[in-house]
Amino acid sequence: MRKLRADVVVVGGGSTGVGVVRDAAMRGYKAILVDRADLAQGTSGRFHGLLHSGGRYVVSDPESATECAEENAIVTRIQPHAVETTGGLFVVTPHDDPAFGDQFLAGALKAKVPAREIDPALALAREPRLNPGILRAFEVEDGTVDGWQLVWSAAASAQAYGAEILSYHEVVAVERTGEAVTGVRCLNRKTGEDVTIECGFVLNCAGPWAGRIANAAGCQPVDVVPGRGIMVAMAHRLVNTVVNRCIYPADGDILVPIHTVCVIGTTDHPTTDPDHLEIPREEVQQMLDAGEELIPGFRDARAVHAWAGARPLIKDKHVAATDTRHMSRGMSVIDHRERDGLSGLLTIGGGKLTTYRLMAEHIVNAMEEQLGVSHPCRTADEICPGNVPGKTYLITDRLHEREEDRLSDQIICECELMSRSMFIDLLEKFPQASFDDLRRQLRVGMGPCQGGFCSSRIAGLTFEEGAVDIERATGLLRLFLENRWIGLWPILSGDQVRQAALDDWIIQGILDVDHLPHPAKEEI
Amino acid sequence: MARIVVIGAGFSGLAAALRLRQLNHEVTLVAKGVGGLQLSQGTVDILGYAPEWVQAPFKSFAAFIEANPDHPYATIGTQPVKRGLTWLSDLLPGLVVGDMEKNVCLPTPVGAMRPTALYQPSMASGVLTKGKSYAIVGFNQLKDFSPEFCAANLTRTPLPTGGSVTATAYRIDLEVAPGEADSSALRYARALDDRPEFRTRLADAVKTVIGPEDIVGLPACLGLDDPTIHIDLAQAIGRPVFEIPLLPPGVPGMRINEALMRALRKAGARLVLGSFITGFEASAGSIVSVTVQQAGHDRELPADIVVYAPGGFESGALTLDSAGKISERTFDLPLTGTNAADLVTGDYWHDQALFKVGVRTDSTMRALGPDGAPVYGNLYAVGSILSGATRWAEKSGEGIALGSAFAAVNAIGGGK
């Protein structure tokens with residue numbers, strides 16, 4: 001049993017949680033973040049990668065649009081490494097109402113979202129694959145953001161301010177004495193150790209899993225309705241700027257170029273279990289049809305992977321909807337003091353990744369109000385560790401790095417240009433990590449081959465480095481392949497089916513991985 | 001003498017083309033690129049798993065066919081497979097050895113014990129034998145082979161025939177070019193072919209690091225042109241040496257590919273490489289010509305007989321469009337499945353029914369329509385286009401390729 005002490009425990013290592021732990025630590029609180037899995041393994045890593053300009057909301061939700069425009073600039077400033085300033089377009093396709101463009105422009109002006117109408121010919125010159133029949137085009141300041149990079153660099157900033165980040169720590173109970181929170185009891189899922197953290201405040205940022213944490217505190221059930229959305233990544237950047245359909249927000253209305261792929265999203269269906277999000281065939285078809293309207297020939301491009309994320313929507317009549325001081329748009333806060341007679345616990349739902357920093361500011365303000373103290377929020381002022389001021393991400397960054405070290409290092413993942421030392425360095429920091437944990441930070445196995453070539457190499461490296469024994473190294477290889485398949489089989493077609501067959505020839509045919517001794521089920 | 005067009009340059013296409021040429025036909029081989037052999041491990045598998053480990057492939061045939069009535073072997077039967085294997089062994093004695101009646105275990109780079117029947121002489125000492133000790137040596141500059149991972153799994157895995165082996169990992173520094181950190185097996189193979197001093201360097205480095213093990217295993221890179229390098233190394237090191245096939249492109253597979261291509265050229269077949277088939281003409285239930293795209297224009301190749309050996313999904317001969325429709329690319333042949341919707345599941349370790357989809361044939365390898373009659377009287381389908389097998393899981397790819405090629409050749413008969 002390990003005992004820790006903190007002022008505040010943040011539950012959930014997504015963008016909201018790390019934003020909160022960073023903010024709390026910067027205000028001088030001793031803060032600990034716990035997550036039952038790895039950072040950004042849930043919703044924050046399962047979106048399309050859009051850093052909103054606000055354009056998407058200028059008509060449907062102007063206040064949200066303003067927040068997005070402001071936060072876009074802040075995130076680009078404090079975490080440039082996670083952001084690519086691609087710019088964005090809103091286009092009116094031949095299927096859409098051109099008059100919506102006027103509403104769009106008027107809304108943008110009012111919401112202070114920079115937007116400008118351009119000649120459709122100019123839009124086509126910039127993005128030659130766009131539907132040549134587009135009627136109108138507007139340029140906006142959309143960017144793209146790597147949710148994993150964003151979360152990890154915010155976490156690093158929090159750590160620099162003394163916060164502790166405990167991944168793979170699952171909350172078993174929120175301890176209380178009568179009407180006040182006194183601590184959190186966790187299980188270290190890697191070691192099996194019990195970990196108790198004594199604290200006076202718990203901020204429940206568990207997103208779609210927030211209801212479980214409220215249960216663990218003995219509160220009345222919190223009604224979380226995860227909204228499942230699927231995304232499909234195409235193996236190339238069919239566009240280099242974000243392309244939005246200029247319509248009222250709908251399914252499949254956005255195409256986001258991020259890293260080596262472009263992502264079409266998304267759908268929205270209520271679901272019950274955020275641990276098992278399906279990727280239904282008909283929704284994949286719906287996304288491909290939507291892509292076809294933006295980019296003719298989209299269906300013939302190569303879909304490489306699909307995933308589903310869960311929006312953390314809370315439908316609870318106790319949500320302080322009128323208390324706008326402590327709210328960002330789309331965000332909901334439950335103060336369990338009023339609702340369940342338990343002080344020291346706030347549950348947060350909803351929100352957007354783009355405005356994660358602002359949400360965190362509001363949440364920590366709400367905590368301070370309950371504590372009766374006040375410190376200024378400084379999260380917008382300081383650049384996060386690992387970022388060079390003004391140096392935003394470029395798709396050519398890794399190529400540049402590999403050109404520098406091509407004679408001294410090996411390229412382990414050719415698709416994503418991940419070098420041997422990148423892998424070894426991260427493995428040294430996280431010797432117990434699964435290959436998917438490492439993948440989220442390194443992108444190993446995320447390119448067209450989907451692990452066919454690199455997976456056995458990283459299994460070899462992990463074992464050679466002594467991070468794990470051979471049973472575990474073999475198990476990690478198997479687990480990685482199984483997990484890649486989750487996002488592959490729903491979109492298998494075209495060249496990716498050829499790749500899947502080649503990968504089977506490699507993994508089963510040449511390596512015979514399936515006949516290595518293994519337990520019935522691999523641990524995480 | 002018939003004008004025969006063979007389409008595809010994988011194992012089945014090359015074998016069919018060469019055998020038909022030996023039988024005095026006028027043979028044109030058309031292929032869009034290098035065939036699948038260069039991607040393979042370079043062994044000749046017949047049947048390795050059914051799904052349990054298979055000790056004697058041909059003795060297991062009857063039961064296997066009974067359990068898998070839609071498998072290509074059910075149509076081909078035993079004899080064409082045996083004839084094909086014998087022909088290949090006689091043709092390439094320097095590249096194919098072993099006993100077709102008996103499977104052996106060869107180590108894979110991850111240390112699995114892979115069943116196969118025939119293998120290359122450079123792999124022979126790697127036939128895993130109870131009680132033996134193996135020095136598994138990797139190169140720091142070759143990322144495709146981790147000797148540690150390989151040796152550790154070999155040591156902890158029981159042999160399918162009982163007993164176990166011990167394997168110990170060693171590493172050496174072996175730069176192909178000064179300062180080169182990221183070399184491929186092919187780079188090593190060429191250096192070993194061309195530079196005698198590089199062989200000496202390899203042997204010396206291995207000798208220095210290994211312990212008292214019985215046998216030395218190296219990554220498969222021991223020469224592309226000269227398949228006897230392993231003998232030189234064994235002499236220099238003083239222990240038997242074998243090689244372990246790696247990720248594609250695989251040096252052992254390329255050796256067989258090059259040997260067959262050489263034989264085909266020498267036998268006087270016409271090769272049309274780098275060319276897609278863009279169309280065909282049929283008349284009275286037979287194909288009369290195929291159209292080949294070559295040097296920017298279409299060219300018609302008259303054909304009395306077409307042997308179709310284009311591969312399966314991996315080569316793009318079988319296609320799956322984004323709406324889930326499965327098709328055959330060149331002749332739009334009827335397939336055993338056309339809708340992928342229920343043929344793929346989320347269970348990675350389970351065989352996917354999709355990959356069993358293909359062309360059904362009669363016992364002479366003529367592609368059949370839904371009515372059970374040949375689609376064209378003179379179109380023979382061979383190799384990975386055939387339905388009913390998961391070759392990579394069964395370890396049956398080369399057996400099906402050779403067997404179907406020989407069944408077709410047998411039906412076509414000799415020229416004059």
# chains A, B, ... in the order shown; residues from 1 in each chain; ligands from 1

$ residues_around --residues "stretch 302-304 of chain A" --least-positions-apart "3" --cutoff "8 Å" --atoms "only C-alpha atoms" --output "number ranges by chain"
A: 232-236, 299, 447-448, 450, 488, 491-496

$ interface_residues --of "chain B" --to "chain A" --cutoff "6 Å" --atoms "only C-alpha atoms" --output "list of chain:residue names"
B:Gln41, B:Thr108, B:Ala112, B:Ser146, B:Phe149, B:Glu180, B:Ala181, B:Asp182, B:Phe313, B:Glu314, B:Leu320, B:Asp321, B:Ser322, B:Tyr348, B:Trp392, B:Ala393

$ residues_around --residues "B:Ala353" --least-positions-apart "3" --cutoff "8 Å" --atoms "only C-alpha atoms" --output "ChimeraX atom specification"
/B:343-344,356-357

$ residues_around --residues "B:Ala177" --least-positions-apart "5" --cutoff "10 Å" --atoms "only C-alpha atoms" --output "list in words"
Ser183, Arg187, Tyr188 and Ala191 of chain B

$ write_last_selection --atoms "C-alpha atoms" --output "compact mmCIF listing (two decimals), in the first residue's frame"
# COMPACT_ATOMS: atom_id res chain seq x y z
CA SER B 183 21.42 -1.81 -43.70
CA ARG B 187 22.72 -5.00 -48.85
CA TYR B 188 24.42 -7.78 -46.89
CA ALA B 191 28.26 -7.56 -50.19

$ select_by_dssp --residues "stretch 208-274 of chain B" --states "alpha helix (DSSP H)" --output "list in words"
Thr208, Val209, Ile229, His230, Ile231, Asp232, Leu233, Ala234, Gln235, Ala236, Ile237, Val251, Pro252, Gly253, Met254, Arg255, Ile256, Asn257, Glu258, Ala259, Leu260, Met261, Arg262, Ala263, Leu264, Arg265 and Lys266 of chain B

$ residues_around --residues "B:Gln55" --least-positions-apart "4" --cutoff "8 Å" --atoms "only C-alpha atoms" --output "VMD selection string"
chain B and resid 48 102 to 104

$ write_last_selection --atoms "all heavy atoms" --output "short mmCIF file (atom, residue, chain, number, x, y, z; two decimals), in the first residue's frame"
data_model
loop_
_atom_site.label_atom_id
_atom_site.label_comp_id
_atom_site.auth_asym_id
_atom_site.auth_seq_id
_atom_site.Cartn_x
_atom_site.Cartn_y
_atom_site.Cartn_z
N GLY B 48 1.30 -27.05 -43.41
CA GLY B 48 1.98 -26.98 -42.11
C GLY B 48 1.06 -27.08 -40.92
O GLY B 48 1.38 -27.69 -39.90
N LYS B 102 7.62 -35.22 -45.23
CA LYS B 102 7.85 -34.96 -43.81
C LYS B 102 8.07 -33.47 -43.56
O LYS B 102 8.93 -32.86 -44.19
CB LYS B 102 9.10 -35.74 -43.38
CG LYS B 102 9.23 -35.98 -41.91
CD LYS B 102 10.44 -36.87 -41.64
CE LYS B 102 11.56 -36.03 -41.09
NZ LYS B 102 12.87 -36.24 -41.57
N ASN B 103 7.32 -32.88 -42.67
CA ASN B 103 7.57 -31.48 -42.31
C ASN B 103 8.69 -31.38 -41.29
O ASN B 103 8.88 -32.26 -40.46
CB ASN B 103 6.31 -30.85 -41.72
CG ASN B 103 5.40 -30.28 -42.80
OD1 ASN B 103 5.85 -30.00 -43.92
ND2 ASN B 103 4.13 -30.11 -42.48
N VAL B 104 9.40 -30.28 -41.39
CA VAL B 104 10.41 -29.96 -40.38
C VAL B 104 10.05 -28.61 -39.77
O VAL B 104 9.17 -27.91 -40.27
CB VAL B 104 11.82 -29.88 -40.99
CG1 VAL B 104 12.22 -31.22 -41.57
CG2 VAL B 104 11.90 -28.78 -42.05
#
